[in-house]
file coords35.pdb (PDB, C-alpha atoms and all ligand atoms)
ATOM      1  CA  MET A   1     -11.036  59.816 -10.114
ATOM      2  CA  THR A   2     -12.130  56.673 -11.963
ATOM      3  CA  ARG A   3      -8.747  55.145 -11.274
ATOM      4  CA  ARG A   4      -9.229  55.685  -7.512
ATOM      5  CA  VAL A   5     -12.733  54.099  -7.514
ATOM      6  CA  SER A   6     -11.507  50.980  -9.258
ATOM      7  CA  ALA A   7      -8.626  50.670  -6.782
ATOM      8  CA  GLU A   8     -11.123  50.760  -3.898
ATOM      9  CA  ARG A   9     -13.249  48.110  -5.592
ATOM     10  CA  ARG A  10     -10.241  45.863  -6.041
ATOM     11  CA  LEU A  11      -9.451  46.275  -2.336
ATOM     12  CA  GLN A  12     -13.047  45.436  -1.322
ATOM     13  CA  SER A  13     -13.167  42.322  -3.469
ATOM     14  CA  ALA A  14      -9.762  41.201  -2.130
ATOM     15  CA  ASN A  15     -11.076  41.580   1.435
ATOM     16  CA  ARG A  16     -14.139  39.542   0.539
ATOM     17  CA  ARG A  17     -11.982  36.729  -0.872
ATOM     18  CA  ALA A  18      -9.840  36.761   2.268
ATOM     19  CA  ARG A  19     -12.943  36.447   4.485
ATOM     20  CA  GLN A  20     -14.277  33.574   2.359
ATOM     21  CA  LEU A  21     -10.933  31.739   2.620
ATOM     22  CA  ALA A  22     -10.907  32.202   6.405
ATOM     23  CA  ILE A  23     -14.425  30.750   6.675
ATOM     24  CA  CYS A  24     -13.459  27.753   4.522
ATOM     25  CA  ALA A  25     -10.355  27.095   6.635
ATOM     26  CA  GLY A  26     -12.483  27.264   9.797
ATOM     27  CA  LEU A  27     -14.976  24.748   8.409
ATOM     28  CA  LEU A  28     -12.143  22.385   7.429
ATOM     29  CA  ALA A  29     -10.617  22.559  10.927
ATOM     30  CA  LEU A  30     -14.039  21.831  12.432
ATOM     31  CA  ALA A  31     -14.500  18.795  10.147
ATOM     32  CA  CYS A  32     -11.055  17.459  11.084
ATOM     33  CA  SER A  33     -11.406  17.886  14.829
ATOM     34  CA  SER A  34     -14.866  16.294  14.958
ATOM     35  CA  ASP A  35     -13.415  13.321  13.014
ATOM     36  CA  SER A  36     -10.471  12.726  15.335
ATOM     37  CA  THR A  37     -12.485  13.012  18.552
ATOM     38  CA  GLN A  38     -15.047  10.428  17.359
ATOM     39  CA  PRO A  39     -14.752   7.815  20.155
ATOM     40  CA  ALA A  40     -14.098   4.189  19.178
ATOM     41  CA  GLY A  41     -16.764   1.648  20.139
ATOM     42  CA  PRO A  42     -16.156  -1.555  22.079
ATOM     43  CA  PRO A  43     -13.537  -3.936  20.606
ATOM     44  CA  ALA A  44     -15.053  -6.186  17.919
ATOM     45  CA  LEU A  45     -12.114  -7.664  16.021
ATOM     46  CA  VAL A  46      -8.468  -8.649  16.643
ATOM     47  CA  THR A  47      -6.328  -8.899  13.495
ATOM     48  CA  LYS A  48      -2.671  -9.785  12.973
ATOM     49  CA  SER A  49      -0.734  -6.738  11.832
ATOM     50  CA  GLY A  50       2.857  -7.999  11.795
ATOM     51  CA  GLY A  51       5.450 -10.639  12.631
ATOM     52  CA  ASP A  52       3.690 -13.878  11.685
ATOM     53  CA  ALA A  53       5.498 -16.848  10.077
ATOM     54  CA  GLN A  54       9.119 -15.860  10.707
ATOM     55  CA  SER A  55      12.005 -18.350  10.640
ATOM     56  CA  TRP A  56      14.942 -17.608  12.932
ATOM     57  CA  TYR A  57      17.329 -19.348  15.335
ATOM     58  CA  HIS A  58      17.010 -21.173  18.669
ATOM     59  CA  ASN A  59      17.431 -18.944  21.745
ATOM     60  CA  ASN A  60      17.212 -15.714  19.743
ATOM     61  CA  ALA A  61      14.491 -13.072  19.619
ATOM     62  CA  LEU A  62      12.637 -12.931  16.296
ATOM     63  CA  PRO A  63      13.759  -9.993  14.120
ATOM     64  CA  ALA A  64      10.216  -8.514  14.099
ATOM     65  CA  ALA A  65       7.662  -8.241  16.927
ATOM     66  CA  PHE A  66       4.273  -9.964  16.779
ATOM     67  CA  SER A  67       1.602  -7.262  16.577
ATOM     68  CA  VAL A  68      -2.203  -7.159  16.549
ATOM     69  CA  THR A  69      -4.636  -4.349  15.809
ATOM     70  CA  VAL A  70      -7.944  -4.118  17.699
ATOM     71  CA  THR A  71     -10.881  -2.438  15.945
ATOM     72  CA  ASP A  72     -14.537  -1.725  16.737
ATOM     73  CA  ALA A  73     -17.532  -2.758  14.616
ATOM     74  CA  ASN A  74     -16.886   0.177  12.245
ATOM     75  CA  GLY A  75     -13.212  -0.659  11.728
ATOM     76  CA  THR A  76     -12.051   2.180  14.009
ATOM     77  CA  ARG A  77      -8.902   1.339  15.972
ATOM     78  CA  VAL A  78      -9.522   0.964  19.710
ATOM     79  CA  PRO A  79      -6.870   2.167  22.203
ATOM     80  CA  GLY A  80      -6.473   0.930  25.775
ATOM     81  CA  VAL A  81      -7.670  -2.652  25.201
ATOM     82  CA  ARG A  82      -5.987  -5.412  27.239
ATOM     83  CA  VAL A  83      -4.296  -8.051  25.047
ATOM     84  CA  ASP A  84      -3.041 -11.307  26.570
ATOM     85  CA  TRP A  85      -0.168 -13.097  24.820
ATOM     86  CA  ALA A  86       0.475 -16.792  25.456
ATOM     87  CA  ILE A  87       2.960 -19.383  24.236
ATOM     88  CA  VAL A  88       0.983 -22.461  23.173
ATOM     89  CA  THR A  89       3.940 -24.347  21.665
ATOM     90  CA  GLY A  90       7.617 -23.608  22.295
ATOM     91  CA  THR A  91       9.724 -25.276  24.972
ATOM     92  CA  GLY A  92      12.149 -22.772  26.419
ATOM     93  CA  ALA A  93      10.605 -19.882  24.497
ATOM     94  CA  SER A  94       9.714 -16.569  26.153
ATOM     95  CA  LEU A  95       7.783 -13.361  25.460
ATOM     96  CA  SER A  96       8.938  -9.809  26.186
ATOM     97  CA  ARG A  97       5.486  -9.189  27.693
ATOM     98  CA  ALA A  98       2.504 -11.452  28.344
ATOM     99  CA  VAL A  99      -0.014  -8.643  28.931
ATOM    100  CA  ASP A 100      -0.198  -5.477  26.879
ATOM    101  CA  SER A 101      -2.631  -2.681  26.236
ATOM    102  CA  THR A 102      -3.343  -1.325  22.745
ATOM    103  CA  ASP A 103      -1.711   2.020  22.008
ATOM    104  CA  SER A 104      -3.323   5.124  20.462
ATOM    105  CA  LYS A 105      -3.388   3.287  17.092
ATOM    106  CA  GLY A 106      -5.093   0.206  18.544
ATOM    107  CA  VAL A 107      -1.865  -1.840  18.296
ATOM    108  CA  ALA A 108      -0.349  -4.237  20.873
ATOM    109  CA  GLU A 109       3.016  -6.004  20.441
ATOM    110  CA  THR A 110       5.251  -8.646  21.982
ATOM    111  CA  ASP A 111       8.683 -10.046  21.090
ATOM    112  CA  LEU A 112       9.159 -13.822  21.005
ATOM    113  CA  THR A 113      12.507 -15.352  21.892
ATOM    114  CA  LEU A 114      12.601 -18.789  20.303
ATOM    115  CA  GLY A 115      13.200 -21.904  22.364
ATOM    116  CA  VAL A 116      14.880 -25.241  21.724
ATOM    117  CA  GLY A 117      12.125 -26.781  19.591
ATOM    118  CA  THR A 118      11.317 -26.164  15.922
ATOM    119  CA  ALA A 119       7.624 -25.169  15.932
ATOM    120  CA  HIS A 120       6.390 -22.177  17.925
ATOM    121  CA  VAL A 121       2.784 -21.058  18.362
ATOM    122  CA  VAL A 122       1.705 -17.884  20.185
ATOM    123  CA  THR A 123      -1.828 -16.560  20.666
ATOM    124  CA  ALA A 124      -3.107 -13.029  21.244
ATOM    125  CA  SER A 125      -6.451 -12.769  23.064
ATOM    126  CA  VAL A 126      -8.891 -10.009  23.913
ATOM    127  CA  ALA A 127     -11.693 -10.923  26.337
ATOM    128  CA  GLY A 128     -14.862 -11.935  24.498
ATOM    129  CA  LEU A 129     -13.288 -12.102  21.033
ATOM    130  CA  PRO A 130     -11.760 -14.962  19.000
ATOM    131  CA  SER A 131      -7.983 -15.069  19.583
ATOM    132  CA  VAL A 132      -5.440 -14.959  16.760
ATOM    133  CA  THR A 133      -2.511 -17.358  16.292
ATOM    134  CA  PHE A 134       1.081 -16.598  15.294
ATOM    135  CA  ASN A 135       3.585 -19.201  14.076
ATOM    136  CA  ALA A 136       7.384 -19.156  14.044
ATOM    137  CA  THR A 137      10.036 -21.705  13.166
ATOM    138  CA  ALA A 138      13.418 -22.139  14.876
ATOM    139  CA  ALA A 139      16.566 -23.747  13.474
ATOM    140  CA  ALA A 140      20.197 -24.068  14.544
ATOM    141  CA  PRO A 141      22.316 -21.161  13.310
ATOM    142  CA  PRO A 142      25.067 -21.855  10.764
ATOM    143  CA  VAL A 143      28.423 -22.486  12.478
ATOM    144  CA  ARG A 144      30.578 -21.367   9.567
ATOM    145  CA  ASP A 145      29.934 -19.120   6.608
ATOM    146  CA  SER A 146      31.778 -18.598   3.359
ATOM    147  CA  VAL A 147      31.636 -15.471   1.215
ATOM    148  CA  ALA A 148      33.077 -15.062  -2.288
ATOM    149  CA  VAL A 149      34.785 -11.725  -3.032
ATOM    150  CA  LYS A 150      33.884 -10.971  -6.648
ATOM    151  CA  ASP A 151      34.056  -8.040  -9.161
ATOM    152  CA  ASN A 152      32.486  -5.953  -7.556
ATOM    153  CA  PHE A 153      30.255  -7.610  -4.992
ATOM    154  CA  PHE A 154      30.241 -10.008  -2.066
ATOM    155  CA  GLN A 155      28.356 -13.279  -2.573
ATOM    156  CA  PRO A 156      26.255 -13.722  -0.539
ATOM    157  CA  ASP A 157      26.157 -10.138   0.750
ATOM    158  CA  SER A 158      24.457 -11.207   4.010
ATOM    159  CA  VAL A 159      25.387 -14.162   6.228
ATOM    160  CA  VAL A 160      24.206 -15.383   9.642
ATOM    161  CA  LEU A 161      26.321 -17.341  12.097
ATOM    162  CA  GLN A 162      26.489 -18.248  15.756
ATOM    163  CA  VAL A 163      28.547 -16.190  18.177
ATOM    164  CA  ASN A 164      32.235 -17.236  18.342
ATOM    165  CA  ASP A 165      32.138 -18.721  14.832
ATOM    166  CA  THR A 166      34.110 -17.500  11.858
ATOM    167  CA  VAL A 167      33.395 -16.114   8.395
ATOM    168  CA  TYR A 168      35.725 -17.137   5.557
ATOM    169  CA  TRP A 169      36.099 -14.763   2.587
ATOM    170  CA  THR A 170      37.674 -16.157  -0.596
ATOM    171  CA  TRP A 171      38.811 -13.843  -3.402
ATOM    172  CA  ALA A 172      37.218 -15.039  -6.652
ATOM    173  CA  GLY A 173      37.415 -12.010  -8.989
ATOM    174  CA  SER A 174      40.241 -10.485 -11.004
ATOM    175  CA  ALA A 175      40.338  -6.947  -9.552
ATOM    176  CA  SER A 176      41.796  -5.912  -6.181
ATOM    177  CA  HIS A 177      39.399  -5.892  -3.237
ATOM    178  CA  ASN A 178      39.384  -5.801   0.553
ATOM    179  CA  VAL A 179      37.019  -6.552   3.445
ATOM    180  CA  SER A 180      36.834  -3.560   5.791
ATOM    181  CA  PHE A 181      34.848  -3.242   9.030
ATOM    182  CA  GLY A 182      36.171   0.248   9.657
ATOM    183  CA  PRO A 183      39.460   1.767  10.786
ATOM    184  CA  GLY A 184      41.997  -0.896  11.761
ATOM    185  CA  GLN A 185      39.701  -3.818  10.974
ATOM    186  CA  ALA A 186      40.362  -4.809   7.399
ATOM    187  CA  SER A 187      41.837  -7.564   5.294
ATOM    188  CA  ALA A 188      44.739  -6.808   2.963
ATOM    189  CA  THR A 189      43.840  -5.396  -0.447
ATOM    190  CA  GLN A 190      44.464  -8.371  -2.693
ATOM    191  CA  THR A 191      43.379 -10.144  -5.894
ATOM    192  CA  SER A 192      43.456 -13.709  -4.545
ATOM    193  CA  GLY A 193      43.631 -15.605  -1.282
ATOM    194  CA  THR A 194      41.415 -15.632   1.811
ATOM    195  CA  TYR A 195      40.544 -13.662   4.938
ATOM    196  CA  ASN A 196      38.974 -15.067   8.130
ATOM    197  CA  LYS A 197      37.349 -13.216  10.987
ATOM    198  CA  GLN A 198      35.873 -14.626  14.200
ATOM    199  CA  PHE A 199      32.793 -12.891  15.695
ATOM    200  CA  THR A 200      32.660 -12.941  19.489
ATOM    201  CA  ALA A 201      29.607 -10.703  20.031
ATOM    202  CA  VAL A 202      25.965 -10.866  18.979
ATOM    203  CA  GLY A 203      24.945  -8.123  16.552
ATOM    204  CA  LYS A 204      24.960  -6.874  12.985
ATOM    205  CA  PHE A 205      28.351  -6.081  11.475
ATOM    206  CA  ALA A 206      28.433  -4.189   8.182
ATOM    207  CA  TYR A 207      31.526  -4.212   5.985
ATOM    208  CA  THR A 208      32.659  -2.770   2.664
ATOM    209  CA  CYS A 209      35.369  -2.963   0.053
ATOM    210  CA  THR A 210      36.953   0.476   0.383
ATOM    211  CA  LEU A 211      37.972   0.465  -3.305
ATOM    212  CA  HIS A 212      34.483   0.065  -4.756
ATOM    213  CA  SER A 213      31.533   2.127  -3.580
ATOM    214  CA  GLY A 214      28.422  -0.015  -3.257
ATOM    215  CA  MET A 215      30.473  -3.188  -2.627
ATOM    216  CA  LYS A 216      29.207  -4.070   0.820
ATOM    217  CA  GLY A 217      27.956  -6.889   3.002
ATOM    218  CA  VAL A 218      26.714  -7.676   6.499
ATOM    219  CA  VAL A 219      27.431 -10.401   9.065
ATOM    220  CA  VAL A 220      24.561 -11.138  11.467
ATOM    221  CA  VAL A 221      25.757 -12.880  14.639
ATOM    222  CA  VAL A 222      23.151 -14.682  16.803
ATOM    223  CA  ASN A 223      23.175 -16.640  20.078
TER     224      ASN A 223
HETATM  225 CU    CU B 301      36.380  -4.066  -4.321
END
call {"tool": "encode", "arguments": {"input": "coords35.pdb", "output": "structure tokens", "more": "lines below"}}
Ligand SMILES: [Cu+2]
result
Amino acid sequence: MTRRVSAERRLQSANRRARQLAICAGLLALACSSDSTQPAGPPALVTKSGGDAQSWYHNNALPAAFSVTVTDANGTRVPGVRVDWAIVTGTGASLSRAVDSTDSKGVAETDLTLGVGTAHVVTASVAGLPSVTFNATAAAPPVRDSVAVKDNFFQPDSVVLQVNDTVYWTWAGSASHNVSFGPGQASATQTSGTYNKQFTAVGKFAYTCTLHSGMKGVVVVVN
């Protein structure tokens, strides 16, 4: 008899705990949803959030987009705000878009393709607010690159060159190595000598030494 009573009590107290947990979860959900539906106020500030001060090559798009974040007076991100992008300095340069609208995170972006000059200046403006300024620097791409094949790494492991130019690998270690871009595109496996490869397309080309895991490099080919 006593055993049965205590079992019922345990059941009652378990039910009570379950109800309390459900109430807590409900309150938490309420707190969250009221937070996320809080509307942002009017735009008060434009800040740079990415892409400033890059150095890249004439007639090529910068590796990273320029981006700004628009916030209200409380620092809340404001979606749907018109952002105007303009090239202030940069003969022959172009933007992927001159007008953009901030996304759900208050962010607007544009991609700059560098022109023939060295200095580039781009502004982002929101009506009624101070604009922000991005800088970029353009140079001529290297026309020829040399890579040393060492034990067990490529030096340097990343090179940039202009389309239709050639990379020259020189074996400088004592172990056997190769330069492999995948099936059918590899140097001989050797301990000395050289290997040349011309690159006729823009892009990123990763390679490895198939004998040594972790021995890898990349060729970046630009316009
Ligand atoms: Cu190797």
call {"tool": "atom_distance", "arguments": {"input": "coords35.pdb", "atom1": "atom CA of A:Ala206", "atom2": "atom CA of A:Ser180"}}
result
8.8 Å
call {"tool": "resolve_selection", "arguments": {"input": "coords35.pdb", "expression": "the PyMOL selection byres (((chain A and resi 82-99) around 6) and not hetatm)", "output": "mmCIF file with C-alpha atoms, in the coordinates of the input"}}
result
data_model
loop_
_atom_site.group_PDB
_atom_site.id
_atom_site.type_symbol
_atom_site.label_atom_id
_atom_site.label_comp_id
_atom_site.auth_asym_id
_atom_site.auth_seq_id
_atom_site.Cartn_x
_atom_site.Cartn_y
_atom_site.Cartn_z
ATOM 1 C CA VAL A 81 -7.670 -2.652 25.201
ATOM 2 C CA ASP A 100 -0.198 -5.477 26.879
ATOM 3 C CA SER A 101 -2.631 -2.681 26.236
ATOM 4 C CA THR A 110 5.251 -8.646 21.982
ATOM 5 C CA ASP A 111 8.683 -10.046 21.090
ATOM 6 C CA LEU A 112 9.159 -13.822 21.005
ATOM 7 C CA THR A 113 12.507 -15.352 21.892
ATOM 8 C CA LEU A 114 12.601 -18.789 20.303
ATOM 9 C CA GLY A 115 13.200 -21.904 22.364
ATOM 10 C CA VAL A 116 14.880 -25.241 21.724
ATOM 11 C CA HIS A 120 6.390 -22.177 17.925
ATOM 12 C CA VAL A 121 2.784 -21.058 18.362
ATOM 13 C CA VAL A 122 1.705 -17.884 20.185
ATOM 14 C CA THR A 123 -1.828 -16.560 20.666
ATOM 15 C CA ALA A 124 -3.107 -13.029 21.244
ATOM 16 C CA SER A 125 -6.451 -12.769 23.064
ATOM 17 C CA VAL A 126 -8.891 -10.009 23.913
#
call {"tool": "residues_around", "arguments": {"input": "coords35.pdb", "residues": "A:Val143", "least_positions_apart": "6", "cutoff": "10 Å", "atoms": "only C-alpha atoms", "output": "PyMOL selection string"}}
result
chain A and resi 160-167
call {"tool": "resolve_selection", "arguments": {"input": "coords35.pdb", "expression": "the PyMOL selection byres (((not hetatm)) within 7 of (chain B and resi 301))", "output": "VMD selection string"}}
result
chain A and resid 151 to 152 176 to 178 209 to 212 215
call {"tool": "atom_distance", "arguments": {"input": "coords35.pdb", "atom1": "atom CA of A:Gly184", "atom2": "atom CA of A:Pro141"}}
result
28.3 Å
call {"tool": "atom_distance", "arguments": {"input": "coords35.pdb", "atom1": "atom CA of A:Gln54", "atom2": "atom CA of A:Thr137"}}
result
6.4 Å
call {"tool": "closest_residue", "arguments": {"input": "coords35.pdb", "among": "A:Ala201, A:Val219, A:Ala65, A:Pro79", "to": "A:Lys48", "atoms": "all atoms listed in the file"}}
result
A:Ala65
call {"tool": "resolve_selection", "arguments": {"input": "coords35.pdb", "expression": "the PyMOL selection byres (((chain A and resi 188) around 8) and not hetatm)", "output": "list in words"}}
result
Asn178, Val179, Ala186, Ser187, Thr189 and Gln190 of chain A
call {"tool": "axis_aligned_box", "arguments": {"input": "coords35.pdb", "around": "stretch 209-221 of chain A", "padding_each_side": "6 Å", "output": "JSON"}}
result
{"center_x": 31.3, "center_y": -5.4, "center_z": 4.9, "size_x": 25.4, "size_y": 27.0, "size_z": 31.4}
call {"tool": "closest_residue", "arguments": {"input": "coords35.pdb", "among": "A:Pro63, A:Gly214, A:Gly75, A:Gly80", "to": "A:Phe154", "atoms": "all atoms listed in the file"}}
result
A:Gly214
call {"tool": "closest_residue", "arguments": {"input": "coords35.pdb", "among": "A:Gln155, A:Thr47, A:Ser55, A:Thr170", "to": "A:Ala138", "atoms": "all atoms listed in the file"}}
result
A:Ser55
call {"tool": "closest_residue", "arguments": {"input": "coords35.pdb", "among": "A:Thr194, A:Thr118, A:Thr133, A:Thr76", "to": "A:Ser104", "atoms": "only C-alpha atoms"}}
result
A:Thr76
call {"tool": "closest_residue", "arguments": {"input": "coords35.pdb", "among": "A:Val78, A:Ala175, A:Val70, A:Ala64", "to": "A:Thr191", "atoms": "all atoms listed in the file"}}
result
A:Ala175
call {"tool": "residues_around", "arguments": {"input": "coords35.pdb", "residues": "A:Ala40", "least_positions_apart": "2", "cutoff": "10 Å", "atoms": "all atoms listed in the file", "output": "NGL selection string"}}
result
:A and (37-38 or 42-43 or 71-79 or 106)
call {"tool": "decode", "arguments": {"input": "coords35.pdb", "residues": "stretch 83-104 of chain A", "atoms": "N, CA and C atoms", "output": "mmCIF file, in the first residue's frame"}}
result
data_model
loop_
_atom_site.group_PDB
_atom_site.id
_atom_site.type_symbol
_atom_site.label_atom_id
_atom_site.label_comp_id
_atom_site.auth_asym_id
_atom_site.auth_seq_id
_atom_site.Cartn_x
_atom_site.Cartn_y
_atom_site.Cartn_z
ATOM 1 N N VAL A 83 21.850 51.635 -51.471
ATOM 2 C CA VAL A 83 23.259 52.030 -51.376
ATOM 3 C C VAL A 83 23.758 52.318 -52.789
ATOM 4 N N ASP A 84 24.325 53.504 -52.982
ATOM 5 C CA ASP A 84 24.889 53.867 -54.286
ATOM 6 C C ASP A 84 26.404 53.743 -54.234
ATOM 7 N N TRP A 85 26.948 52.982 -55.208
ATOM 8 C CA TRP A 85 28.399 52.803 -55.319
ATOM 9 C C TRP A 85 28.903 53.659 -56.472
ATOM 10 N N ALA A 86 30.062 54.313 -56.282
ATOM 11 C CA ALA A 86 30.604 55.144 -57.350
ATOM 12 C C ALA A 86 32.120 55.041 -57.391
ATOM 13 N N ILE A 87 32.657 55.005 -58.609
ATOM 14 C CA ILE A 87 34.111 55.031 -58.790
ATOM 15 C C ILE A 87 34.542 56.497 -58.833
ATOM 16 N N VAL A 88 35.360 56.893 -57.869
ATOM 17 C CA VAL A 88 35.863 58.265 -57.800
ATOM 18 C C VAL A 88 37.183 58.361 -58.565
ATOM 19 N N THR A 89 38.030 57.348 -58.393
ATOM 20 C CA THR A 89 39.316 57.272 -59.091
ATOM 21 C C THR A 89 39.442 55.871 -59.674
ATOM 22 N N GLY A 90 39.879 55.783 -60.954
ATOM 23 C CA GLY A 90 40.062 54.458 -61.540
ATOM 24 C C GLY A 90 39.695 54.412 -63.004
ATOM 25 N N THR A 91 40.583 54.904 -63.862
ATOM 26 C CA THR A 91 40.326 54.885 -65.299
ATOM 27 C C THR A 91 40.195 53.452 -65.797
ATOM 28 N N GLY A 92 39.083 53.194 -66.471
ATOM 29 C CA GLY A 92 38.885 51.853 -67.024
ATOM 30 C C GLY A 92 38.363 50.843 -66.016
ATOM 31 N N ALA A 93 38.134 51.292 -64.786
ATOM 32 C CA ALA A 93 37.615 50.369 -63.766
ATOM 33 C C ALA A 93 36.099 50.253 -63.894
ATOM 34 N N SER A 94 35.528 49.186 -63.327
ATOM 35 C CA SER A 94 34.075 49.017 -63.377
ATOM 36 C C SER A 94 33.580 48.308 -62.122
ATOM 37 N N LEU A 95 32.281 48.485 -61.840
ATOM 38 C CA LEU A 95 31.647 47.863 -60.680
ATOM 39 C C LEU A 95 30.611 46.851 -61.147
ATOM 40 N N SER A 96 30.456 45.765 -60.401
ATOM 41 C CA SER A 96 29.449 44.758 -60.775
ATOM 42 C C SER A 96 28.047 45.342 -60.635
ATOM 43 N N ARG A 97 27.847 46.255 -59.681
ATOM 44 C CA ARG A 97 26.578 46.977 -59.589
ATOM 45 C C ARG A 97 26.827 48.340 -58.960
ATOM 46 N N ALA A 98 26.120 49.346 -59.473
ATOM 47 C CA ALA A 98 26.279 50.715 -58.981
ATOM 48 C C ALA A 98 25.220 51.047 -57.938
ATOM 49 N N VAL A 99 24.096 50.329 -57.966
ATOM 50 C CA VAL A 99 23.027 50.542 -56.989
ATOM 51 C C VAL A 99 22.694 49.191 -56.372
ATOM 52 N N ASP A 100 22.605 49.176 -55.052
ATOM 53 C CA ASP A 100 22.262 47.929 -54.372
ATOM 54 C C ASP A 100 21.356 48.271 -53.198
ATOM 55 N N SER A 101 20.724 47.246 -52.671
ATOM 56 C CA SER A 101 19.842 47.411 -51.539
ATOM 57 C C SER A 101 20.351 46.479 -50.444
ATOM 58 N N THR A 102 20.374 46.937 -49.188
ATOM 59 C CA THR A 102 20.908 46.082 -48.129
ATOM 60 C C THR A 102 20.036 44.836 -47.951
ATOM 61 N N ASP A 103 20.693 43.726 -47.671
ATOM 62 C CA ASP A 103 19.987 42.453 -47.512
ATOM 63 C C ASP A 103 19.426 42.337 -46.084
ATOM 64 N N SER A 104 18.950 41.136 -45.730
ATOM 65 C CA SER A 104 18.311 40.955 -44.418
ATOM 66 C C SER A 104 19.284 41.219 -43.266
#
